[in-house]
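Everything on this sheet refers to the single structure shown next.
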Amino acid sequence: MPSLPVTEPAIVRTLRAAGCVFAEEEARLLTQAAQTPRQLAAMLRRRASGVPLEHILGWVQFCGLRIAVDAGVFVPRRRTEFLVRQAARLLEPSDGARPAPVVVDLCCGSGAVGAALASLAGPLELHAADVDPAAVACARRNVLPLGGEVHEGDLFAPIPARLRGAVLVLAVNAPYVPSAAIGTMPPEARLHEPRASLDGGADGLDVQRRVAAAAPQWLAPGGRLLIETSRGQAPRTAELFRRSGLTARVLHSGKLDATVVAGGIRRSG
């Protein structure tokens with residue numbers, strides 16, 4: 001196999017030829033991360049073959065933080081920063097006179113959402129959960145140093161029972177891609193991220209449906225559920241909220257092309 005170029009202009013050309021849109025930025029990051037020319041050539045070879053840049057570097061920039069991302073773990077998207085910002089608006093910093101608010105990052109992946117909320121709006125009683133052992137191991141690297149806990153299991157199953165009725169913010173980036181659309185996703189996602197972190201079932205709403213149905217049991221009075229979704233799916237996500245006895249408000253960021261549905265328990269009467 002011919003040796004790969006290790007000068008930055010040549011790296012940019014290789015990345016462009018591989019279809020990398022932000023070739024210049026990626027070349028800079030790869031060059032900074034590599035400790036030797038041989039390591040740089042190996043990293044470049046992996047990137048040109050389609051491995052996500054974040055898996056090669058081992059981290060992603062998210063909400064101003066460097067979040068560790070292990071190979072095989074879902075890579076946080078920049079649009080999910082909108083979910084974090086909306087959740088952070090609901091959290092007031094604790095003055096020490098009252099308990100820290102309880103925040104749950106469900107379907108946490110790398111734990112990026114919870115870690116960002118702890119950074120932006122802490123101190124929190126932070127819990128993150130995911131069904132994937134690799135994601136849980138990665139999330140612990142990001143969440144435990146911030147004082148949070150990470151649990152392994154299906155949705156709410158591993159969350160401590162004492163948190164029922166006590167969660168102020170339930171932030172969820174559940175998979176919402178319809179099964180039939182997985183094949184149309186970029187190879188970086190469908191070949192290198194776990195399908196369970198992408199596939200939302202036939203209509204993309206399977207996991208959201210389960211989250212919305214159980215959320216009222218976990219939310220505190222005045223607590224809020226926030227779920228990232230797509231703009232086209234948002235009306236159906238909102239309907240899931242309403243069917244579960246929750247209010248529903250669709251929020252959208254044109255800048256990030258991000259959509260979140262937020263709501264809380266409806267008051268009776």
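Lettering and numbering for the structure tokens are positional, with chains as A, B, ... in the shown order, residues counted from 1 in each chain, and ligands counted from 1 in the shown order.
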
#### Entry: alpha helix (DSSP H) per DSSP on the backbone: members of segment 54-175 of chain A, as a PyMOL selection string
chain A and resi 54-57+81-88+112-121+133-143

Output N, CA and C atoms of each residue in that selection to a file, as a JSON list (two decimals), in the first residue's frame.
[["chain", "number", "residue", "atom", "x", "y", "z"],
["A", 54, "GLU", "N", -14.76, 11.90, 15.05],
["A", 54, "GLU", "CA", -14.85, 11.91, 16.51],
["A", 54, "GLU", "C", -14.36, 10.60, 17.12],
["A", 55, "HIS", "N", -14.61, 9.49, 16.45],
["A", 55, "HIS", "CA", -14.12, 8.20, 16.94],
["A", 55, "HIS", "C", -12.60, 8.11, 16.81],
["A", 56, "ILE", "N", -12.05, 8.75, 15.80],
["A", 56, "ILE", "CA", -10.60, 8.74, 15.62],
["A", 56, "ILE", "C", -9.92, 9.62, 16.68],
["A", 57, "LEU", "N", -10.49, 10.81, 16.90],
["A", 57, "LEU", "CA", -9.92, 11.73, 17.89],
["A", 57, "LEU", "C", -10.19, 11.25, 19.31],
["A", 81, "GLU", "N", -27.36, 20.50, 20.94],
["A", 81, "GLU", "CA", -27.10, 21.62, 21.84],
["A", 81, "GLU", "C", -28.37, 22.42, 22.10],
["A", 82, "PHE", "N", -29.31, 22.40, 21.16],
["A", 82, "PHE", "CA", -30.58, 23.10, 21.35],
["A", 82, "PHE", "C", -31.37, 22.44, 22.48],
["A", 83, "LEU", "N", -31.37, 21.13, 22.54],
["A", 83, "LEU", "CA", -32.02, 20.41, 23.64],
["A", 83, "LEU", "C", -31.41, 20.83, 24.97],
["A", 84, "VAL", "N", -30.09, 20.90, 25.02],
["A", 84, "VAL", "CA", -29.41, 21.29, 26.25],
["A", 84, "VAL", "C", -29.80, 22.71, 26.65],
["A", 85, "ARG", "N", -29.78, 23.63, 25.71],
["A", 85, "ARG", "CA", -30.09, 25.03, 26.03],
["A", 85, "ARG", "C", -31.52, 25.18, 26.55],
["A", 86, "GLN", "N", -32.45, 24.46, 25.94],
["A", 86, "GLN", "CA", -33.85, 24.54, 26.40],
["A", 86, "GLN", "C", -33.99, 23.94, 27.79],
["A", 87, "ALA", "N", -33.30, 22.85, 28.05],
["A", 87, "ALA", "CA", -33.36, 22.24, 29.38],
["A", 87, "ALA", "C", -32.71, 23.14, 30.43],
["A", 88, "ALA", "N", -31.59, 23.75, 30.08],
["A", 88, "ALA", "CA", -30.87, 24.60, 31.03],
["A", 88, "ALA", "C", -31.71, 25.79, 31.46],
["A", 112, "ALA", "N", -23.33, 13.25, 26.89],
["A", 112, "ALA", "CA", -23.04, 14.64, 26.52],
["A", 112, "ALA", "C", -24.10, 15.60, 27.04],
["A", 113, "VAL", "N", -25.38, 15.24, 26.93],
["A", 113, "VAL", "CA", -26.45, 16.15, 27.36],
["A", 113, "VAL", "C", -26.35, 16.40, 28.85],
["A", 114, "GLY", "N", -26.23, 15.33, 29.63],
["A", 114, "GLY", "CA", -26.14, 15.49, 31.07],
["A", 114, "GLY", "C", -24.90, 16.25, 31.49],
["A", 115, "ALA", "N", -23.76, 15.95, 30.87],
["A", 115, "ALA", "CA", -22.53, 16.65, 31.21],
["A", 115, "ALA", "C", -22.64, 18.13, 30.90],
["A", 116, "ALA", "N", -23.24, 18.46, 29.76],
["A", 116, "ALA", "CA", -23.39, 19.87, 29.40],
["A", 116, "ALA", "C", -24.33, 20.58, 30.36],
["A", 117, "LEU", "N", -25.42, 19.92, 30.78],
["A", 117, "LEU", "CA", -26.33, 20.54, 31.73],
["A", 117, "LEU", "C", -25.65, 20.76, 33.07],
["A", 118, "ALA", "N", -24.85, 19.81, 33.51],
["A", 118, "ALA", "CA", -24.12, 19.98, 34.77],
["A", 118, "ALA", "C", -23.17, 21.16, 34.67],
["A", 119, "SER", "N", -22.56, 21.35, 33.50],
["A", 119, "SER", "CA", -21.63, 22.46, 33.30],
["A", 119, "SER", "C", -22.35, 23.80, 33.24],
["A", 120, "LEU", "N", -23.51, 23.82, 32.56],
["A", 120, "LEU", "CA", -24.22, 25.07, 32.34],
["A", 120, "LEU", "C", -25.09, 25.48, 33.53],
["A", 121, "ALA", "N", -25.67, 24.50, 34.22],
["A", 121, "ALA", "CA", -26.70, 24.81, 35.20],
["A", 121, "ALA", "C", -26.52, 24.09, 36.52],
["A", 133, "PRO", "N", -23.99, -1.13, 26.83],
["A", 133, "PRO", "CA", -22.86, -1.13, 27.77],
["A", 133, "PRO", "C", -21.70, -0.25, 27.33],
["A", 134, "ALA", "N", -21.43, -0.20, 26.02],
["A", 134, "ALA", "CA", -20.32, 0.64, 25.54],
["A", 134, "ALA", "C", -20.63, 2.12, 25.78],
["A", 135, "ALA", "N", -21.88, 2.51, 25.56],
["A", 135, "ALA", "CA", -22.27, 3.90, 25.82],
["A", 135, "ALA", "C", -22.18, 4.22, 27.30],
["A", 136, "VAL", "N", -22.60, 3.29, 28.14],
["A", 136, "VAL", "CA", -22.55, 3.51, 29.58],
["A", 136, "VAL", "C", -21.10, 3.70, 30.06],
["A", 137, "ALA", "N", -20.21, 2.88, 29.55],
["A", 137, "ALA", "CA", -18.80, 3.02, 29.93],
["A", 137, "ALA", "C", -18.25, 4.37, 29.50],
["A", 138, "CYS", "N", -18.63, 4.82, 28.32],
["A", 138, "CYS", "CA", -18.19, 6.12, 27.82],
["A", 138, "CYS", "C", -18.82, 7.25, 28.64],
["A", 139, "ALA", "N", -20.11, 7.13, 28.91],
["A", 139, "ALA", "CA", -20.81, 8.17, 29.68],
["A", 139, "ALA", "C", -20.21, 8.33, 31.07],
["A", 140, "ARG", "N", -19.77, 7.25, 31.65],
["A", 140, "ARG", "CA", -19.17, 7.35, 32.98],
["A", 140, "ARG", "C", -17.92, 8.21, 32.96],
["A", 141, "ARG", "N", -17.17, 8.16, 31.88],
["A", 141, "ARG", "CA", -15.97, 9.00, 31.76],
["A", 141, "ARG", "C", -16.33, 10.48, 31.73],
["A", 142, "ASN", "N", -17.51, 10.80, 31.18],
["A", 142, "ASN", "CA", -17.92, 12.20, 31.05],
["A", 142, "ASN", "C", -18.74, 12.70, 32.23],
["A", 143, "VAL", "N", -19.51, 11.81, 32.85],
["A", 143, "VAL", "CA", -20.49, 12.23, 33.85],
["A", 143, "VAL", "C", -19.99, 12.09, 35.28]]

### Query
What lies within 8 Å of Leu168 of chain A using only C-alpha atoms, ignoring chain neighbours under 3 positions off, as a list in words?
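My list of contacting residues is Pro101, Val102, Val103, Leu219, Ala220, Pro221, Gly222, Gly223 and Arg224 of chain A.
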
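Once Pro9 of chain A and its same-chain neighbours fewer than 4 positions away are set aside, A:Pro5, A:Arg13, A:Thr14, A:Leu15, A:Ala23, A:Glu24, A:Ala27, A:Arg28 remain within 10 Å of it when counting only C-alpha atoms.
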
### Spatial neighbours of Ile11 of chain A, max dist 12 Å, only C-alpha atoms, sep filter under 4 positions, as a ChimeraX atom specification
/A:4-7,15-18,20,22-31,37,40-45,47-48

#### Entry: Straight-line distance linking atom CA of Gly165 of chain A with atom CA of Gly264 of chain A, stated in Å to one decimal
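Going from atom CA of Gly165 of chain A over to atom CA of Gly264 of chain A, I get 12.0 Å.
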
### Summary
What separates atom CA of Pro123 of chain A and atom CA of Gly147 of chain A is a distance of 8.7 Å

### Message
Neighbouring residues of Arg209 of chain A were defined as those with any atom within 8 Å, considering only C-alpha atoms; residues of the same chain fewer than 3 positions away were excluded. Please report them as a ChimeraX atom specification.
### Response
/A:205-206,212-213,237,240

Would you mind exporting all heavy atoms of the selected residues as a PDB file, in the first residue's frame?
ATOM      1  N   LEU A 205     -40.917   6.573  16.131  1.00  0.00           N
ATOM      2  CA  LEU A 205     -41.407   7.073  17.414  1.00  0.00           C
ATOM      3  C   LEU A 205     -41.514   6.001  18.493  1.00  0.00           C
ATOM      4  O   LEU A 205     -42.047   6.272  19.577  1.00  0.00           O
ATOM      5  CB  LEU A 205     -42.776   7.740  17.225  1.00  0.00           C
ATOM      6  CG  LEU A 205     -42.838   8.882  16.202  1.00  0.00           C
ATOM      7  CD1 LEU A 205     -44.265   9.397  16.075  1.00  0.00           C
ATOM      8  CD2 LEU A 205     -41.893  10.005  16.596  1.00  0.00           C
ATOM      9  N   ASP A 206     -41.031   4.804  18.219  1.00  0.00           N
ATOM     10  CA  ASP A 206     -41.205   3.714  19.186  1.00  0.00           C
ATOM     11  C   ASP A 206     -40.660   4.057  20.565  1.00  0.00           C
ATOM     12  O   ASP A 206     -41.333   3.851  21.585  1.00  0.00           O
ATOM     13  CB  ASP A 206     -40.535   2.438  18.678  1.00  0.00           C
ATOM     14  CG  ASP A 206     -41.368   1.701  17.642  1.00  0.00           C
ATOM     15  OD1 ASP A 206     -42.467   2.189  17.320  1.00  0.00           O
ATOM     16  OD2 ASP A 206     -40.906   0.644  17.160  1.00  0.00           O
ATOM     17  N   ALA A 212     -42.677   8.870  26.694  1.00  0.00           N
ATOM     18  CA  ALA A 212     -43.802   9.751  27.030  1.00  0.00           C
ATOM     19  C   ALA A 212     -44.812   9.049  27.931  1.00  0.00           C
ATOM     20  O   ALA A 212     -45.367   9.657  28.853  1.00  0.00           O
ATOM     21  CB  ALA A 212     -44.481  10.234  25.754  1.00  0.00           C
ATOM     22  N   ALA A 213     -45.047   7.759  27.695  1.00  0.00           N
ATOM     23  CA  ALA A 213     -46.026   7.025  28.491  1.00  0.00           C
ATOM     24  C   ALA A 213     -45.594   6.907  29.949  1.00  0.00           C
ATOM     25  O   ALA A 213     -46.427   6.968  30.864  1.00  0.00           O
ATOM     26  CB  ALA A 213     -46.247   5.643  27.894  1.00  0.00           C
ATOM     27  N   THR A 237     -44.878  13.646  17.793  1.00  0.00           N
ATOM     28  CA  THR A 237     -44.251  13.587  19.113  1.00  0.00           C
ATOM     29  C   THR A 237     -45.090  14.351  20.129  1.00  0.00           C
ATOM     30  O   THR A 237     -45.322  13.882  21.247  1.00  0.00           O
ATOM     31  CB  THR A 237     -42.827  14.167  19.069  1.00  0.00           C
ATOM     32  OG1 THR A 237     -42.036  13.437  18.122  1.00  0.00           O
ATOM     33  CG2 THR A 237     -42.156  14.098  20.429  1.00  0.00           C
ATOM     34  N   LEU A 240     -48.007  12.359  21.236  1.00  0.00           N
ATOM     35  CA  LEU A 240     -47.636  11.355  22.221  1.00  0.00           C
ATOM     36  C   LEU A 240     -47.635  11.951  23.627  1.00  0.00           C
ATOM     37  O   LEU A 240     -48.071  11.305  24.590  1.00  0.00           O
ATOM     38  CB  LEU A 240     -46.253  10.781  21.911  1.00  0.00           C
ATOM     39  CG  LEU A 240     -46.072  10.004  20.612  1.00  0.00           C
ATOM     40  CD1 LEU A 240     -44.622   9.544  20.477  1.00  0.00           C
ATOM     41  CD2 LEU A 240     -47.004   8.812  20.559  1.00  0.00           C
TER      42      LEU A 240
END

### Query
Near Gly254 of chain A, counting only C-alpha atoms, which residues have an atom at most 12 Å away, once you skip same-chain residues fewer than 3 positions from it, shown as a PyMOL selection string?
chain A and resi 79+82+231+251+257-260

Write a file of the selected residues as a PDB file, in the first residue's frame, keeping C-alpha atoms.
ATOM      1  CA  ARG A  79     -28.203  20.245  16.863  1.00  0.00           C
ATOM      2  CA  PHE A  82     -30.575  23.098  21.352  1.00  0.00           C
ATOM      3  CA  ARG A 231     -39.383  18.924  12.428  1.00  0.00           C
ATOM      4  CA  LEU A 251     -39.581  24.450  19.883  1.00  0.00           C
ATOM      5  CA  ASP A 257     -31.966  22.907  12.349  1.00  0.00           C
ATOM      6  CA  ALA A 258     -33.083  21.388  15.637  1.00  0.00           C
ATOM      7  CA  THR A 259     -36.507  20.568  17.038  1.00  0.00           C
ATOM      8  CA  VAL A 260     -37.520  19.760  20.609  1.00  0.00           C
TER       9      VAL A 260
END

### Query
Between A:Pro235, A:Gly263, A:Gly111, A:Gly58, which has the minimum distance to Gly148 of chain A (counting only C-alpha atoms)?
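Using only C-alpha atoms, Gly148 of chain A sits closest to A:Gly111.
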
### Task
Would you work out the distance separating atom CA of Ala189 of chain A from atom CA of Ala174 of chain A, expressed in Å to one decimal?
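Between atom CA of Ala189 of chain A and atom CA of Ala174 of chain A the gap works out to 15.1 Å.
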